[in-house]
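J.: What follows is the file coords-v2.cif, containing mmCIF, C-alpha atoms:
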```cif
data_protein
#
loop_
_atom_site.label_atom_id
_atom_site.label_comp_id
_atom_site.auth_asym_id
_atom_site.auth_seq_id
_atom_site.Cartn_x
_atom_site.Cartn_y
_atom_site.Cartn_z
CA MET A 1 -44.20 8.74 -1.51
CA LYS A 2 -46.16 11.02 0.80
CA ASP A 3 -45.67 14.76 0.45
CA LEU A 4 -42.61 15.50 2.57
CA GLY A 5 -42.56 19.15 1.59
CA CYS A 6 -42.67 21.72 4.35
CA ILE A 7 -42.57 25.46 4.88
CA ILE A 8 -40.36 26.94 7.57
CA ALA A 9 -40.68 30.68 8.22
CA GLY A 10 -42.06 31.08 4.72
CA VAL A 11 -39.21 29.10 3.15
CA GLU A 12 -40.41 26.16 1.03
CA SER A 13 -38.40 22.94 1.24
CA ILE A 14 -38.82 19.65 -0.65
CA ASN A 15 -38.38 17.78 2.66
CA PRO A 16 -37.81 18.73 6.32
CA PHE A 17 -34.20 17.56 6.37
CA TRP A 18 -31.56 20.31 6.32
CA LEU A 19 -27.89 20.08 7.15
CA ALA A 20 -27.01 22.25 10.13
CA SER A 21 -24.36 24.94 10.07
CA ALA A 22 -21.21 22.91 10.75
CA PRO A 23 -18.25 21.23 9.00
CA PRO A 24 -20.54 19.36 6.54
CA THR A 25 -21.67 22.72 5.08
CA ASP A 26 -18.29 24.42 4.98
CA LYS A 27 -18.00 24.66 1.20
CA LYS A 28 -19.72 24.23 -2.15
CA TYR A 29 -18.24 20.74 -2.68
CA ASN A 30 -19.85 19.35 0.47
CA VAL A 31 -23.21 21.04 -0.01
CA GLU A 32 -23.46 19.88 -3.61
CA ARG A 33 -22.81 16.28 -2.58
CA ALA A 34 -25.51 16.66 0.07
CA PHE A 35 -28.07 17.97 -2.42
CA LYS A 36 -27.30 15.12 -4.81
CA ALA A 37 -28.00 12.71 -1.95
CA GLY A 38 -31.43 14.27 -1.36
CA TRP A 39 -31.14 16.84 1.43
CA GLY A 40 -33.79 19.53 1.26
CA GLY A 41 -31.53 22.33 2.43
CA ALA A 42 -28.32 23.38 4.11
CA VAL A 43 -27.39 26.08 6.58
CA TRP A 44 -23.98 27.24 5.39
CA LYS A 45 -21.24 27.05 7.98
CA THR A 46 -21.23 30.23 10.04
CA LEU A 47 -19.55 33.20 8.40
CA GLY A 48 -17.79 36.05 10.14
CA GLU A 49 -15.76 39.01 9.01
CA ASP A 50 -13.77 40.29 11.94
CA PRO A 51 -11.74 39.20 13.87
CA PRO A 52 -10.09 36.53 11.66
CA VAL A 53 -10.56 32.84 12.47
CA VAL A 54 -7.73 30.33 12.87
CA ASN A 55 -8.61 26.77 13.88
CA VAL A 56 -6.52 24.28 15.86
CA THR A 57 -5.83 20.54 15.66
CA SER A 58 -7.09 18.21 16.87
CA ARG A 59 -10.72 19.32 16.96
CA TYR A 60 -12.97 16.38 17.89
CA GLY A 61 -13.48 14.15 20.88
CA VAL A 62 -16.08 11.39 21.13
CA HIS A 63 -18.31 9.83 23.78
CA ARG A 64 -18.81 6.10 23.22
CA SER A 65 -21.27 3.60 24.62
CA HIS A 66 -19.99 0.37 26.15
CA ASP A 67 -20.00 -1.27 22.69
CA ARG A 68 -17.89 1.61 21.27
CA THR A 69 -20.76 3.16 19.33
CA ILE A 70 -20.28 6.93 19.15
CA ILE A 71 -23.23 8.59 20.88
CA GLY A 72 -21.79 12.08 21.07
CA ILE A 73 -19.10 14.31 19.60
CA ASN A 74 -17.37 17.21 21.28
CA ASN A 75 -15.82 19.76 18.93
CA ILE A 76 -13.60 22.79 19.46
CA GLU A 77 -13.75 23.96 15.86
CA LEU A 78 -14.64 27.61 15.29
CA ILE A 79 -16.75 29.21 12.56
CA SER A 80 -15.59 29.12 8.93
CA ASP A 81 -11.91 29.92 8.47
CA ARG A 82 -12.31 30.26 4.70
CA PRO A 83 -12.25 33.77 3.16
CA LEU A 84 -15.65 35.45 3.28
CA ASP A 85 -15.65 36.36 -0.41
CA ILE A 86 -15.10 32.73 -1.43
CA ASN A 87 -17.96 31.53 0.77
CA LEU A 88 -20.27 34.21 -0.60
CA ARG A 89 -19.39 33.35 -4.19
CA GLU A 90 -19.98 29.63 -3.62
CA MET A 91 -23.31 30.28 -1.90
CA GLU A 92 -24.45 32.32 -4.88
CA GLU A 93 -23.33 29.60 -7.28
CA MET A 94 -25.21 26.96 -5.34
CA ARG A 95 -28.39 29.01 -5.30
CA ARG A 96 -28.29 29.26 -9.09
CA ALA A 97 -27.40 25.60 -9.60
CA TRP A 98 -29.99 24.18 -7.16
CA PRO A 99 -33.07 26.44 -7.28
CA ASP A 100 -35.31 23.82 -5.61
CA ARG A 101 -33.07 23.52 -2.53
CA VAL A 102 -32.76 25.77 0.48
CA ILE A 103 -29.60 27.57 1.48
CA ILE A 104 -29.62 29.56 4.70
CA GLY A 105 -26.67 31.80 5.50
CA SER A 106 -25.40 31.56 9.08
CA ILE A 107 -23.62 34.61 10.45
CA MET A 108 -21.82 35.71 13.61
CA ALA A 109 -20.45 39.13 14.55
CA PRO A 110 -19.36 41.09 17.62
CA MET A 111 -22.02 43.06 19.50
CA ASP A 112 -21.91 45.92 17.04
CA GLU A 113 -24.89 47.05 14.99
CA ARG A 114 -22.94 47.94 11.88
CA ALA A 115 -21.04 44.62 11.92
CA TRP A 116 -24.24 42.53 12.09
CA LYS A 117 -26.04 44.57 9.48
CA ASP A 118 -23.15 44.72 6.99
CA LEU A 119 -22.58 40.98 7.21
CA ALA A 120 -26.30 40.22 6.89
CA ILE A 121 -26.56 42.37 3.75
CA LYS A 122 -23.55 40.68 2.13
CA VAL A 123 -25.03 37.24 2.79
CA ALA A 124 -28.50 38.30 1.65
CA ASN A 125 -27.06 39.51 -1.65
CA THR A 126 -26.03 35.94 -2.54
CA GLY A 127 -29.68 35.00 -2.99
CA VAL A 128 -30.04 32.77 0.07
CA GLN A 129 -33.59 32.17 1.33
CA GLY A 130 -32.89 33.12 4.93
CA ILE A 131 -30.31 34.15 7.51
CA GLU A 132 -29.50 32.28 10.71
CA LEU A 133 -27.92 34.14 13.61
CA ASN A 134 -25.39 31.96 15.42
CA LEU A 135 -25.85 32.98 19.05
CA GLY A 136 -24.90 29.63 20.49
CA CYS A 137 -21.27 28.57 19.91
CA PRO A 138 -20.02 27.67 23.44
CA HIS A 139 -16.28 27.68 22.74
CA GLY A 140 -13.67 29.92 21.17
CA MET A 141 -16.01 32.54 19.79
CA CYS A 142 -17.69 33.19 23.14
CA GLU A 143 -14.27 34.06 24.55
CA ARG A 144 -14.31 36.87 21.97
CA GLY A 145 -17.72 38.10 23.11
CA MET A 146 -19.67 36.28 20.41
CA GLY A 147 -21.62 33.01 20.13
CA SER A 148 -23.07 31.89 23.45
CA ALA A 149 -21.79 35.07 25.12
CA VAL A 150 -24.53 36.79 23.11
CA GLY A 151 -27.08 33.97 23.28
CA GLN A 152 -26.99 33.81 27.09
CA ASP A 153 -28.07 37.44 27.38
CA PRO A 154 -31.72 37.96 26.36
CA GLU A 155 -31.11 41.67 25.74
CA PHE A 156 -28.34 40.84 23.27
CA VAL A 157 -30.51 38.17 21.61
CA GLU A 158 -33.29 40.67 21.03
CA GLN A 159 -30.90 43.37 19.82
CA THR A 160 -29.00 41.26 17.28
CA THR A 161 -32.24 39.83 15.94
CA ARG A 162 -33.69 43.29 15.51
CA TRP A 163 -30.54 44.59 13.78
CA VAL A 164 -30.68 41.85 11.16
CA ARG A 165 -34.43 42.26 10.70
CA GLU A 166 -33.82 45.93 9.96
CA ALA A 167 -31.04 45.14 7.49
CA THR A 168 -32.86 42.60 5.30
CA ASP A 169 -36.31 41.38 4.32
CA LEU A 170 -35.22 37.73 4.44
CA PRO A 171 -36.60 35.35 7.08
CA VAL A 172 -34.42 35.45 10.19
CA PHE A 173 -33.66 32.28 12.17
CA THR A 174 -32.25 33.03 15.62
CA LYS A 175 -30.11 30.08 16.76
CA LEU A 176 -30.15 29.65 20.53
CA THR A 177 -27.69 28.13 22.96
CA PRO A 178 -28.89 25.39 25.33
CA ASN A 179 -26.40 26.60 27.93
CA VAL A 180 -28.98 28.58 29.89
CA THR A 181 -31.18 27.84 32.89
CA ASP A 182 -34.43 28.76 31.12
CA ILE A 183 -34.67 28.52 27.33
CA MET A 184 -37.82 30.64 27.33
CA LEU A 185 -35.88 33.81 28.21
CA PRO A 186 -33.79 33.93 25.01
CA ALA A 187 -36.69 32.46 23.00
CA CYS A 188 -38.99 35.30 24.04
CA ALA A 189 -36.20 37.77 23.36
CA ALA A 190 -35.79 36.39 19.84
CA LYS A 191 -39.51 36.84 19.23
CA ALA A 192 -39.39 40.38 20.60
CA GLY A 193 -36.58 41.14 18.18
CA GLY A 194 -38.70 39.95 15.28
CA ALA A 195 -37.34 36.45 14.59
CA HIS A 196 -39.37 34.48 12.08
CA ALA A 197 -38.02 31.20 13.48
CA ILE A 198 -35.86 29.82 16.25
CA SER A 199 -33.15 27.27 15.54
CA LEU A 200 -32.16 25.10 18.50
CA ILE A 201 -30.27 23.63 20.08
CA ASN A 202 -26.70 24.67 19.47
CA THR A 203 -24.06 22.51 21.12
CA VAL A 204 -23.86 21.82 24.85
CA ASN A 205 -20.80 23.12 26.69
CA SER A 206 -18.72 20.14 27.79
CA ILE A 207 -15.47 18.34 28.34
CA ILE A 208 -15.85 15.00 26.60
CA GLY A 209 -13.20 13.09 28.52
CA VAL A 210 -9.70 12.95 29.96
CA ASP A 211 -6.64 11.15 28.61
CA LEU A 212 -5.52 9.47 31.85
CA ASP A 213 -2.08 8.65 30.47
CA ASN A 214 -1.25 12.25 29.63
CA MET A 215 -3.72 13.83 32.09
CA THR A 216 -5.19 16.18 29.50
CA PRO A 217 -8.79 16.80 28.44
CA THR A 218 -9.68 15.51 25.00
CA PRO A 219 -9.44 16.52 22.22
CA THR A 220 -5.86 17.43 23.01
CA VAL A 221 -3.96 20.29 21.38
CA ASP A 222 -0.23 20.03 22.06
CA GLY A 223 -0.68 18.78 25.62
CA HIS A 224 -3.70 20.88 26.56
CA GLY A 225 -7.47 20.62 26.25
CA THR A 226 -10.48 22.87 26.65
CA HIS A 227 -14.25 22.87 26.85
CA GLY A 228 -16.13 22.40 23.58
CA GLY A 229 -19.54 21.90 22.04
CA TYR A 230 -21.28 18.55 22.59
CA CYS A 231 -23.66 17.17 19.97
CA GLY A 232 -25.03 13.88 18.68
CA GLU A 233 -27.59 11.32 19.85
CA ALA A 234 -26.87 11.98 23.52
CA VAL A 235 -28.19 15.57 23.39
CA LYS A 236 -31.52 14.68 21.76
CA PRO A 237 -33.49 14.63 25.07
CA ILE A 238 -32.27 18.15 25.87
CA ALA A 239 -33.25 19.37 22.41
CA LEU A 240 -36.68 17.71 22.59
CA HIS A 241 -37.39 19.38 25.92
CA MET A 242 -36.42 22.85 24.73
CA THR A 243 -38.35 22.42 21.49
CA ALA A 244 -41.44 21.40 23.44
CA GLU A 245 -41.17 24.31 25.87
CA ILE A 246 -41.05 26.88 23.09
CA ALA A 247 -43.68 25.21 20.92
CA ARG A 248 -46.30 24.95 23.69
CA SER A 249 -45.84 28.43 25.13
CA GLN A 250 -48.18 31.27 24.23
CA GLU A 251 -45.27 33.65 24.82
CA THR A 252 -43.56 32.39 21.67
CA ALA A 253 -46.66 31.71 19.60
CA GLY A 254 -46.14 32.46 15.94
CA VAL A 255 -42.39 31.79 15.97
CA GLU A 256 -41.52 28.61 14.08
CA ILE A 257 -38.89 26.09 15.15
CA SER A 258 -36.06 24.56 13.16
CA ALA A 259 -35.05 21.74 15.50
CA ILE A 260 -31.49 20.53 15.98
CA GLY A 261 -29.93 18.00 18.33
CA GLY A 262 -29.20 14.29 17.98
CA ILE A 263 -31.39 13.66 14.93
CA THR A 264 -30.12 10.42 13.42
CA THR A 265 -33.20 8.67 12.01
CA TRP A 266 -36.60 9.53 10.55
CA ARG A 267 -38.13 8.68 13.92
CA ASP A 268 -36.03 11.32 15.65
CA ALA A 269 -37.24 13.88 13.13
CA ALA A 270 -40.86 12.81 13.53
CA GLU A 271 -40.62 13.25 17.30
CA PHE A 272 -39.40 16.83 16.94
CA ILE A 273 -42.13 17.60 14.41
CA ALA A 274 -44.75 16.03 16.69
CA LEU A 275 -43.62 18.42 19.44
CA GLY A 276 -44.05 21.42 17.16
CA ALA A 277 -40.96 21.82 14.96
CA SER A 278 -41.53 22.80 11.33
CA GLY A 279 -38.37 21.06 10.16
CA VAL A 280 -35.07 19.68 11.42
CA GLN A 281 -31.35 20.20 10.98
CA VAL A 282 -28.79 17.40 11.10
CA CYS A 283 -25.04 17.47 11.64
CA THR A 284 -23.46 14.68 13.70
CA ALA A 285 -25.28 11.82 11.99
CA ALA A 286 -24.07 13.05 8.60
CA MET A 287 -20.52 13.28 9.92
CA LEU A 288 -20.65 9.73 11.25
CA TYR A 289 -22.53 7.99 8.44
CA GLY A 290 -22.35 10.23 5.38
CA PHE A 291 -24.89 12.24 3.41
CA ARG A 292 -26.84 9.25 2.09
CA ILE A 293 -28.51 8.74 5.46
CA VAL A 294 -31.10 11.22 4.19
CA GLU A 295 -32.41 8.51 1.86
CA ASP A 296 -33.44 6.38 4.84
CA MET A 297 -34.81 9.46 6.59
CA ASN A 298 -37.02 10.38 3.64
CA GLU A 299 -38.22 6.81 3.06
CA GLY A 300 -38.81 6.12 6.75
CA LEU A 301 -40.76 9.32 7.32
CA ALA A 302 -42.89 8.67 4.22
CA ALA A 303 -43.63 5.12 5.39
CA PHE A 304 -44.63 6.39 8.83
CA MET A 305 -46.97 8.94 7.26
CA ARG A 306 -48.55 6.26 5.04
CA GLU A 307 -49.12 4.03 8.04
CA LYS A 308 -50.71 6.84 10.06
CA LYS A 309 -52.59 8.22 7.01
CA TYR A 310 -50.94 11.63 7.25
CA ARG A 311 -50.98 13.38 3.88
CA THR A 312 -48.50 16.10 4.82
CA ILE A 313 -46.14 16.93 7.66
CA GLU A 314 -48.59 19.57 8.84
CA ASP A 315 -51.04 16.78 9.67
CA PHE A 316 -48.98 15.69 12.68
CA LYS A 317 -46.92 18.80 13.40
CA GLY A 318 -47.43 19.64 17.08
CA ALA A 319 -49.67 16.61 17.67
CA ALA A 320 -47.79 15.78 20.90
CA SER A 321 -47.67 19.35 22.15
CA ALA A 322 -51.05 19.34 23.94
CA GLN A 323 -50.03 16.20 25.85
CA THR A 324 -46.78 17.82 27.01
CA VAL A 325 -47.65 19.36 30.38
CA ASP A 326 -46.05 20.52 33.59
CA TRP A 327 -45.52 17.83 36.25
CA ASN A 328 -48.30 19.30 38.38
CA ALA A 329 -50.82 18.51 35.63
CA LEU A 330 -50.17 14.75 35.69
CA ASN A 331 -52.74 12.29 37.05
CA MET A 332 -51.67 11.17 40.51
CA ASN A 333 -54.28 8.37 40.43
CA HIS A 334 -52.82 6.58 37.40
CA ASP A 335 -51.28 3.26 38.49
CA LEU A 336 -49.21 0.71 36.55
CA LEU A 337 -47.95 -2.75 37.48
CA ALA A 338 -45.13 -4.65 35.81
CA ARG A 339 -45.88 -7.98 34.17
CA ILE A 340 -43.19 -10.52 33.24
CA ASN A 341 -43.90 -13.00 30.43
CA PRO A 342 -42.33 -16.30 31.59
CA ASP A 343 -42.33 -17.68 28.05
CA ALA A 344 -40.15 -14.81 26.80
CA CYS A 345 -37.92 -14.58 29.89
CA ILE A 346 -34.31 -15.72 29.42
CA GLU A 347 -33.76 -15.77 33.21
CA CYS A 348 -30.87 -13.26 33.11
CA GLY A 349 -32.00 -11.66 36.37
CA ARG A 350 -31.37 -8.08 35.33
CA CYS A 351 -34.88 -7.02 36.32
CA PHE A 352 -34.46 -8.55 39.78
CA ILE A 353 -31.08 -6.92 40.42
CA ALA A 354 -32.28 -3.50 39.28
CA CYS A 355 -35.40 -3.68 41.43
CA GLU A 356 -33.77 -5.33 44.45
CA ASP A 357 -30.71 -3.09 44.61
CA THR A 358 -32.04 0.27 43.47
CA SER A 359 -35.82 0.31 43.55
CA HIS A 360 -38.67 -1.31 45.49
CA GLN A 361 -37.88 -5.03 45.96
CA ALA A 362 -40.96 -5.94 43.92
CA ILE A 363 -39.62 -8.94 41.95
CA ARG A 364 -39.49 -12.44 43.37
CA ILE A 365 -37.40 -15.40 42.19
CA ASP A 366 -38.83 -18.92 42.55
CA ALA A 367 -37.25 -22.21 41.58
CA LYS A 368 -38.75 -23.99 38.57
CA PRO A 369 -39.20 -27.78 38.53
CA ASP A 370 -36.64 -28.03 35.73
CA GLY A 371 -34.03 -26.23 37.79
CA GLY A 372 -34.55 -22.84 36.17
CA ARG A 373 -35.72 -19.60 37.73
CA LEU A 374 -39.17 -18.02 37.59
CA PHE A 375 -39.34 -14.24 37.94
CA SER A 376 -42.64 -12.65 38.99
CA VAL A 377 -43.87 -9.30 40.30
CA ILE A 378 -45.01 -8.67 43.86
CA ASP A 379 -47.99 -6.42 43.13
CA ASP A 380 -48.18 -4.89 46.61
CA GLU A 381 -44.59 -3.64 46.32
CA CYS A 382 -44.58 -2.57 42.65
CA VAL A 383 -44.88 1.19 42.14
CA GLY A 384 -44.98 1.02 38.34
CA CYS A 385 -41.67 2.85 37.87
CA ASN A 386 -40.91 0.65 34.77
CA LEU A 387 -37.15 0.36 35.44
CA CYS A 388 -37.40 -3.43 35.10
CA MET A 389 -38.94 -3.06 31.63
CA HIS A 390 -36.11 -0.80 30.50
CA VAL A 391 -33.25 -3.00 31.71
CA CYS A 392 -34.76 -6.20 30.29
CA PRO A 393 -32.80 -7.23 27.16
CA VAL A 394 -35.81 -9.01 25.62
CA LYS A 395 -38.30 -6.79 23.81
CA ASP A 396 -41.82 -6.97 25.29
CA CYS A 397 -40.85 -9.57 27.88
CA ILE A 398 -41.78 -7.09 30.59
CA THR A 399 -44.78 -4.86 30.02
CA MET A 400 -46.64 -2.35 32.13
CA GLU A 401 -50.32 -2.98 32.83
CA ALA A 402 -52.68 -0.17 33.83
CA VAL A 403 -54.64 -0.67 37.05
CA VAL A 404 -58.26 0.12 36.26
CA ASP A 405 -60.26 1.77 39.05
CA ASP A 406 -62.88 4.48 39.43
CA ARG A 407 -60.66 7.17 40.95
CA PRO A 408 -60.92 10.53 39.17
CA TYR A 409 -58.10 12.31 37.35
CA THR A 410 -56.38 14.12 40.22
CA THR A 411 -53.41 16.46 39.90
CA TRP A 412 -50.96 17.24 42.69
CA PRO A 413 -52.51 20.64 43.48
CA GLU A 414 -55.82 18.78 44.00
CA HIS A 415 -54.37 15.79 45.85
CA PRO A 416 -55.41 15.20 49.48
CA LYS A 417 -51.78 14.74 50.56
CA ASN A 418 -50.70 18.12 49.19
CA PRO A 419 -50.03 20.25 52.31
CA LEU A 420 -50.73 23.47 50.39
CA ARG A 421 -54.18 22.21 49.46
CA ASN A 422 -54.90 21.24 53.05
CA ALA A 423 -53.67 24.61 54.30
CA ALA A 424 -55.94 26.42 51.85
CA GLU A 425 -58.91 24.42 53.07
#
```
Would you put the structure from the file into structure tokens?
T.:
Amino acid sequence: MKDLGCIIAGVESINPFWLASAPPTDKKYNVERAFKAGWGGAVWKTLGEDPPVVNVTSRYGVHRSHDRTIIGINNIELISDRPLDINLREMEEMRRAWPDRVIIGSIMAPMDERAWKDLAIKVANTGVQGIELNLGCPHGMCERGMGSAVGQDPEFVEQTTRWVREATDLPVFTKLTPNVTDIMLPACAAKAGGAHAISLINTVNSIIGVDLDNMTPTPTVDGHGTHGGYCGEAVKPIALHMTAEIARSQETAGVEISAIGGITTWRDAAEFIALGASGVQVCTAAMLYGFRIVEDMNEGLAAFMREKKYRTIEDFKGAASAQTVDWNALNMNHDLLARINPDACIECGRCFIACEDTSHQAIRIDAKPDGGRLFSVIDDECVGCNLCMHVCPVKDCITMEAVVDDRPYTTWPEHPKNPLRNAAE
């Protein structure tokens, strides 16, 4: 097996796969089962001290695809409702029992310096390798002035990070909320406060659905519902974007990323690492499929690295970052045309309907001698949008072919049709 070891904010891990702070890390029993399955680390479910936490039932709602596969979970569960002293004792026991695994303590407190520092010191005294600041919870705790109520204010992000940095020498992971218009504002604030790493994303504020029989949002608590935190495969694109923005910015250079959001397979993890993450955290996939999914993650990532001849994770960390650019830096002279393989086509017509109804009317249907239908592309109408390729149910039946010409790489600011360019000239 390739070397899957990684270092995140100075913390060594046997592999990049950690469990995120959530129900799967609520107690020693769960975390021990996870370590036996092969997880490299766990961020203990967020601890608080005051005010007390009381959870409700039910707590979860789900978003399903048309085939009933769960692609997202909405939860309204709060931080740990177990006594702080029991959590601290179990964290200390786990550190002694599993010295080669990572345990990060997640904490949340009101906007009070003494509260953050006292809690950080108590957690640090258990022997954990780092502390994560939960500044992202979008439900329940934010109504108390914590969680995303802190994470949405860059000044608060910087202040809480600085308080914990002053209280302990441990690496500090500042966990950010995605419920902001510009992730760079809290990310820069975390760096200014001294964060060693940024964890993101926390859950996305949402209502997962409505029970149309009872006319209540789900999950339902005694006839009522509320907004909650959305996670799972469906939030991965949001998390990838925010990871990429932070990783490629000089404003946050030097701050490492522990990526979270929809990671279900080794490929998901590899994509985050390729965009600049040092490691990943997983929650929803473990809740849906159990802790042993990490076996496939480890084996799949190792196989990928063998195929690409990467010796370590560092060999491809950030490899996709340089190719992640602003829209204005794209080549306006790059053209593609769709190509339909008639031998692979099952004549379902999905490409035609998608193009005819919603795009550019660039697919033609002709009758075949045997009574079937022949689908082909009208080159003069095709704009290379690739919608037809995506809706086609047959892999590689529709491909996109690059149009080769001698036009130079031209961005929008340089393009002749850009009115600002013409005005400047």
J.: Expanded to explicit residues, what is the PyMOL selection byres ((chain A and resi 144) around 12) for this file, as a PyMOL selection string?
T.: chain A and resi 50-53+78+108-111+137-143+145-150
J.: Between A:Leu88, A:Ile313, A:Ala195, A:Ala234, which has the minimum distance to Ile208 of chain A (counting all atoms listed in the file)?
T.: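 Of the candidates, the smallest distance to Ile208 of chain A is held by A:Ala234.
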J.: Please, what distance in Å, to one decimal, runs between atom CA of Ala362 of chain A and atom CA of Asp343 of chain A?
T.: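 About the pair atom CA of Ala362 of chain A and atom CA of Asp343 of chain A: they are 19.8 Å apart.
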J.: Given the file above and the PyMOL selection byres ((chain A and resi 412) around 12), which residues are selected, and can you give them as a PyMOL selection string?
T.: chain A and resi 326-333+409-411+413-422
J.: Output the selection as a PDB file, in the coordinates of the input - C-alpha atoms for each residue.
T.:
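Generated file (selection.pdb):
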```pdb
ATOM      1  CA  ASP A 326     -46.050  20.520  33.590  1.00  0.00           C
ATOM      2  CA  TRP A 327     -45.520  17.830  36.250  1.00  0.00           C
ATOM      3  CA  ASN A 328     -48.300  19.300  38.380  1.00  0.00           C
ATOM      4  CA  ALA A 329     -50.820  18.510  35.630  1.00  0.00           C
ATOM      5  CA  LEU A 330     -50.170  14.750  35.690  1.00  0.00           C
ATOM      6  CA  ASN A 331     -52.740  12.290  37.050  1.00  0.00           C
ATOM      7  CA  MET A 332     -51.670  11.170  40.510  1.00  0.00           C
ATOM      8  CA  ASN A 333     -54.280   8.370  40.430  1.00  0.00           C
ATOM      9  CA  TYR A 409     -58.100  12.310  37.350  1.00  0.00           C
ATOM     10  CA  THR A 410     -56.380  14.120  40.220  1.00  0.00           C
ATOM     11  CA  THR A 411     -53.410  16.460  39.900  1.00  0.00           C
ATOM     12  CA  PRO A 413     -52.510  20.640  43.480  1.00  0.00           C
ATOM     13  CA  GLU A 414     -55.820  18.780  44.000  1.00  0.00           C
ATOM     14  CA  HIS A 415     -54.370  15.790  45.850  1.00  0.00           C
ATOM     15  CA  PRO A 416     -55.410  15.200  49.480  1.00  0.00           C
ATOM     16  CA  LYS A 417     -51.780  14.740  50.560  1.00  0.00           C
ATOM     17  CA  ASN A 418     -50.700  18.120  49.190  1.00  0.00           C
ATOM     18  CA  PRO A 419     -50.030  20.250  52.310  1.00  0.00           C
ATOM     19  CA  LEU A 420     -50.730  23.470  50.390  1.00  0.00           C
ATOM     20  CA  ARG A 421     -54.180  22.210  49.460  1.00  0.00           C
ATOM     21  CA  ASN A 422     -54.900  21.240  53.050  1.00  0.00           C
TER      22      ASN A 422
END
```
J.: Could you give me, as a VMD selection string, the residues within 12 Å of Cys397 of chain A, counting only C-alpha atoms and dropping anything in the same chain fewer than 5 positions from it?
T.: chain A and resid 338 to 348 351 375 to 376 388 to 392
J.: Quick check, in Å to one decimal: how far apart do atom CA of Ser106 of chain A and atom CA of Leu288 of chain A lie?
T.: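 A separation of 22.4 Å between them.
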